[in-house]
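J.: mmCIF, C-alpha atoms, saved as coords-v5.cif, coming up:
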```
data_model
loop_
_atom_site.label_atom_id
_atom_site.label_comp_id
_atom_site.auth_asym_id
_atom_site.auth_seq_id
_atom_site.Cartn_x
_atom_site.Cartn_y
_atom_site.Cartn_z
CA MET Q 1 16.51 -17.26 -11.22
CA THR Q 2 14.19 -14.58 -12.52
CA ALA Q 3 15.56 -11.99 -14.98
CA PRO Q 4 15.96 -8.46 -13.54
CA SER Q 5 13.66 -7.05 -16.24
CA GLU Q 6 10.94 -9.54 -15.28
CA ILE Q 7 11.31 -8.62 -11.60
CA ARG Q 8 11.01 -4.93 -12.51
CA THR Q 9 7.87 -5.63 -14.55
CA ARG Q 10 6.33 -7.58 -11.68
CA LEU Q 11 7.24 -4.95 -9.09
CA ASN Q 12 5.83 -2.22 -11.35
CA ALA Q 13 2.57 -4.19 -11.54
CA LEU Q 14 2.59 -4.43 -7.73
CA ALA Q 15 3.24 -0.68 -7.45
CA THR Q 16 0.27 0.03 -9.70
CA ALA Q 17 -1.97 -2.29 -7.68
CA LEU Q 18 -0.83 -0.67 -4.42
CA ARG Q 19 -1.66 2.79 -5.84
CA HIS Q 20 -5.23 1.62 -6.51
CA PHE Q 21 -5.42 0.17 -3.00
CA HIS Q 22 -4.11 3.40 -1.51
CA SER Q 23 -6.64 5.39 -3.53
CA ALA Q 24 -9.48 3.22 -2.21
CA LEU Q 25 -8.24 3.68 1.36
CA LEU Q 26 -7.96 7.42 0.77
CA ASP Q 27 -11.57 7.50 -0.45
CA VAL Q 28 -12.65 5.89 2.83
CA ALA Q 29 -10.56 8.32 4.90
CA LYS Q 30 -12.02 11.22 2.93
CA SER Q 31 -15.57 9.97 3.55
CA GLU Q 32 -14.86 9.58 7.27
CA HIS Q 33 -13.47 13.10 7.41
CA GLU Q 34 -16.40 14.59 5.51
CA PHE Q 35 -18.85 12.79 7.79
CA ARG Q 36 -17.19 14.30 10.86
CA GLU Q 37 -16.16 17.73 9.61
CA GLY Q 38 -18.05 18.54 6.41
CA ARG Q 39 -17.33 18.58 2.72
CA ILE Q 40 -13.75 18.91 1.47
CA ASP Q 41 -13.58 21.70 -1.10
CA GLY Q 42 -11.58 20.22 -3.96
CA PRO Q 43 -8.36 18.34 -4.58
CA PHE Q 44 -6.02 20.99 -3.13
CA ALA Q 45 -7.92 21.01 0.16
CA LEU Q 46 -7.80 17.21 0.20
CA TYR Q 47 -4.06 17.25 -0.51
CA SER Q 48 -3.52 19.66 2.37
CA LEU Q 49 -5.54 17.43 4.68
CA VAL Q 50 -3.67 14.31 3.58
CA MET Q 51 -0.36 16.03 4.26
CA ASN Q 52 -1.29 17.74 7.53
CA HIS Q 53 -4.44 16.44 9.20
CA PRO Q 54 -4.08 13.70 11.83
CA GLY Q 55 -7.16 11.92 10.44
CA PHE Q 56 -5.15 10.97 7.36
CA GLN Q 57 -1.89 10.15 9.13
CA TRP Q 58 -2.67 6.43 9.23
CA LEU Q 59 -2.13 6.23 5.44
CA ARG Q 60 1.47 7.48 5.61
CA PRO Q 61 3.22 4.13 6.14
CA LEU Q 62 1.64 2.78 2.94
CA SER Q 63 2.45 6.04 1.13
CA GLY Q 64 6.08 5.72 2.24
CA LEU Q 65 6.29 2.11 1.09
CA MET Q 66 4.88 3.07 -2.29
CA ALA Q 67 7.39 5.93 -2.66
CA THR Q 68 10.26 3.59 -1.82
CA LEU Q 69 8.97 0.96 -4.24
CA ASP Q 70 8.77 3.60 -6.99
CA GLU Q 71 12.38 4.65 -6.27
CA VAL Q 72 13.54 1.04 -6.47
CA THR Q 73 11.74 0.30 -9.74
CA ASP Q 74 12.85 3.63 -11.27
CA SER Q 75 16.52 2.97 -10.49
CA LYS Q 76 18.83 1.76 -13.19
CA ALA Q 77 20.20 -0.99 -10.95
CA ASP Q 78 19.32 -4.59 -11.71
CA LEU Q 79 16.53 -5.80 -9.48
CA THR Q 80 16.78 -9.13 -7.73
CA GLU Q 81 14.53 -11.44 -5.84
CA ARG Q 82 15.88 -9.75 -2.70
CA ASN Q 83 13.93 -6.63 -3.76
CA VAL Q 84 10.76 -8.73 -3.89
CA GLN Q 85 11.56 -10.21 -0.47
CA ASP Q 86 12.05 -6.71 0.96
CA VAL Q 87 8.66 -5.53 -0.32
CA THR Q 88 6.98 -8.70 0.93
CA GLN Q 89 8.55 -8.34 4.37
CA THR Q 90 7.53 -4.68 4.61
CA LEU Q 91 3.96 -5.44 3.56
CA ASN Q 92 3.85 -8.24 6.13
CA MET Q 93 4.94 -5.84 8.87
CA LEU Q 94 2.46 -3.20 7.73
CA MET Q 95 -0.57 -5.45 7.28
CA GLN Q 96 -0.08 -8.17 9.86
CA GLY Q 97 2.82 -7.36 12.12
CA ASP Q 98 2.64 -6.26 15.70
CA GLU Q 99 4.98 -3.28 15.34
CA ALA Q 100 3.54 -0.35 17.26
CA GLN Q 101 4.58 2.11 14.54
CA PHE Q 102 2.01 0.58 12.16
CA ALA Q 103 -0.86 0.23 14.65
CA ASP Q 104 -2.60 3.35 13.29
CA PHE Q 105 -2.41 1.98 9.76
CA ARG Q 106 -3.87 -1.37 10.81
CA SER Q 107 -6.66 0.40 12.69
CA GLY Q 108 -7.53 2.58 9.67
CA TYR Q 109 -7.30 -0.41 7.38
CA ALA Q 110 -9.64 -2.39 9.66
CA ARG Q 111 -12.21 0.41 9.42
CA ALA Q 112 -11.87 0.52 5.64
CA SER Q 113 -11.66 -3.21 4.91
CA SER Q 114 -15.41 -3.70 4.57
CA ASP Q 115 -15.54 -1.21 1.67
CA ALA Q 116 -16.04 -3.08 -1.63
CA LYS Q 117 -13.44 -1.00 -3.51
CA VAL Q 118 -10.87 -1.55 -0.76
CA ALA Q 119 -11.53 -5.30 -0.82
CA ALA Q 120 -11.26 -5.50 -4.61
CA THR Q 121 -8.04 -3.49 -4.77
CA GLU Q 122 -6.56 -5.48 -1.91
CA THR Q 123 -7.21 -8.67 -3.85
CA ARG Q 124 -5.40 -7.16 -6.85
CA TRP Q 125 -2.27 -6.13 -4.95
CA ARG Q 126 -2.12 -9.49 -3.22
CA GLU Q 127 -2.31 -11.21 -6.62
CA ALA Q 128 0.41 -8.89 -7.97
CA LEU Q 129 2.59 -9.65 -4.96
CA ALA Q 130 2.05 -13.39 -5.42
CA ALA Q 131 2.98 -13.07 -9.10
CA ALA Q 132 6.17 -11.20 -8.15
CA GLN Q 133 7.38 -14.07 -5.97
CA PRO Q 134 9.92 -16.55 -7.34
CA GLY Q 135 7.96 -19.00 -9.44
CA GLY Q 136 5.01 -16.61 -9.52
CA HIS Q 137 3.47 -17.77 -6.25
CA MET Q 138 3.72 -16.96 -2.59
CA GLY Q 139 5.09 -19.13 0.13
CA ALA Q 140 2.70 -20.20 2.85
CA GLY Q 141 4.92 -19.46 5.81
CA PRO Q 142 3.64 -18.08 9.10
CA GLY Q 143 2.60 -14.46 8.84
CA SER Q 144 2.67 -14.52 5.06
CA LEU Q 145 0.32 -12.34 3.07
CA GLU Q 146 -1.37 -15.22 1.36
CA ALA Q 147 -5.00 -14.32 0.78
#
```
Let me see whether you can do it: turn the structure in this file into structure tokens.

T.:
Amino acid sequence: MTAPSEIRTRLNALATALRHFHSALLDVAKSEHEFREGRIDGPFALYSLVMNHPGFQWLRPLSGLMATLDEVTDSKADLTERNVQDVTQTLNMLMQGDEAQFADFRSGYARASSDAKVAATETRWREALAAAQPGGHMGAGPGSLEA
């Protein structure tokens, strides 16, 4: 059994890697928006677009997962391998599932996946997720996020 402090450390590393991935996806969404509608005038305008414009809506499921992960790792409760399983399951549904609620995310991700920064940051979060698994590796079950 993995110590709760080690699980927290591993989930914090995953949270950091997911933030970099999200940032890379946001850069792609910003570029797409600027191509279609013109330059975005600064970070406040970008923030407003991210919060309100439908062209950025596809990022919200990942944003929500990251917020939940931050809440979990910031809590004082002991973390368990169940917390790692929950994150893994949610990432599986988001990235590879067939749930209709995540179809927009998967479509946006598909458009962004050829970007070098997106690919590099995806590799990092997948490695962080693998390291967070019991024994520091991922299982190879069907639908797993193994790279």

J.: Within 10 Å of range 2-9 of chain Q, counting only C-alpha atoms, which residues show up once you throw out same-chain ones fewer than 3 positions away? Write them as a compact mmCIF listing (two decimals) with C-alpha atoms, in the coordinates of the input, please.

T.:
```
# COMPACT_ATOMS: atom_id res chain seq x y z
CA ASN Q 12 5.83 -2.22 -11.35
CA ALA Q 13 2.57 -4.19 -11.54
CA LEU Q 14 2.59 -4.43 -7.73
CA ALA Q 15 3.24 -0.68 -7.45
CA VAL Q 72 13.54 1.04 -6.47
CA THR Q 73 11.74 0.30 -9.74
CA ASP Q 74 12.85 3.63 -11.27
CA SER Q 75 16.52 2.97 -10.49
CA ALA Q 77 20.20 -0.99 -10.95
CA ASP Q 78 19.32 -4.59 -11.71
CA LEU Q 79 16.53 -5.80 -9.48
CA THR Q 80 16.78 -9.13 -7.73
CA GLU Q 81 14.53 -11.44 -5.84
CA ASN Q 83 13.93 -6.63 -3.76
CA VAL Q 84 10.76 -8.73 -3.89
CA ALA Q 131 2.98 -13.07 -9.10
CA ALA Q 132 6.17 -11.20 -8.15
CA GLN Q 133 7.38 -14.07 -5.97
CA PRO Q 134 9.92 -16.55 -7.34
CA GLY Q 135 7.96 -19.00 -9.44
CA GLY Q 136 5.01 -16.61 -9.52
```

J.: Please evaluate the PyMOL selection byres ((chain Q and resi 58) around 7) against the structure above and give the resulting residues as number ranges by chain.

T.: Q: 56-57, 59-60, 104-105, 108

J.: Just the residues within 10 Å of range 26-39 of chain Q, please, counting only C-alpha atoms, with nothing from its chain fewer than 6 positions along; format it as a ChimeraX atom specification.

T.: /Q:20,46,49-50,53,55-59,108-109,111-113,115,117-118

J.: Could you expand the PyMOL selection byres ((chain Q and resi 123) around 12) into the explicit residues it covers here, written as a VMD selection string?

T.: chain Q and resid 14 17 to 18 20 to 21 113 116 to 122 124 to 130 145 to 147

J.: I'd like the neighbourhood of Met93 in chain Q as a ChimeraX atom specification, where a residue qualifies if any of its atoms comes within 12 Å (using all atoms listed in the file), though same-chain residues fewer than 6 positions away should be ignored.

T.: /Q:61-62,65,86-87,99-103,105-106,143-145

J.: Give the answer as one residue: which of Q:Leu25, Q:Pro54, Q:Gln85, Q:Lys76 has the shortest atom-to-atom distance to Ser114 in chain Q, using only C-alpha atoms?

T.: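 Going through Q:Leu25, Q:Pro54, Q:Gln85, Q:Lys76 one by one, the smallest distance to Ser114 in chain Q is for Q:Leu25.
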
J.: Have a look at CA of Pro43 in chain Q and CA of Arg19 in chain Q and let me know their distance in Å, one decimal.

T.: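 Separation between CA of Pro43 in chain Q and CA of Arg19 in chain Q: 17.0 Å.
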
J.: Please write out, as AutoDock Vina command-line options, where the centre of an axis-aligned box around all listed atoms of range 35-39 of chain Q lies and how long its edges are, in Å to one decimal, after adding 6 Å on each side.

T.:
```
--center_x -17.5 --center_y 15.7 --center_z 6.8 --size_x 14.7 --size_y 17.8 --size_z 20.1
```

J.: Enter the distance from CA of His22 in chain Q to CA of Met95 in chain Q, in Å, rounded to one decimal.

T.: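 We find that CA of His22 in chain Q and CA of Met95 in chain Q lie 13.0 Å from each other.
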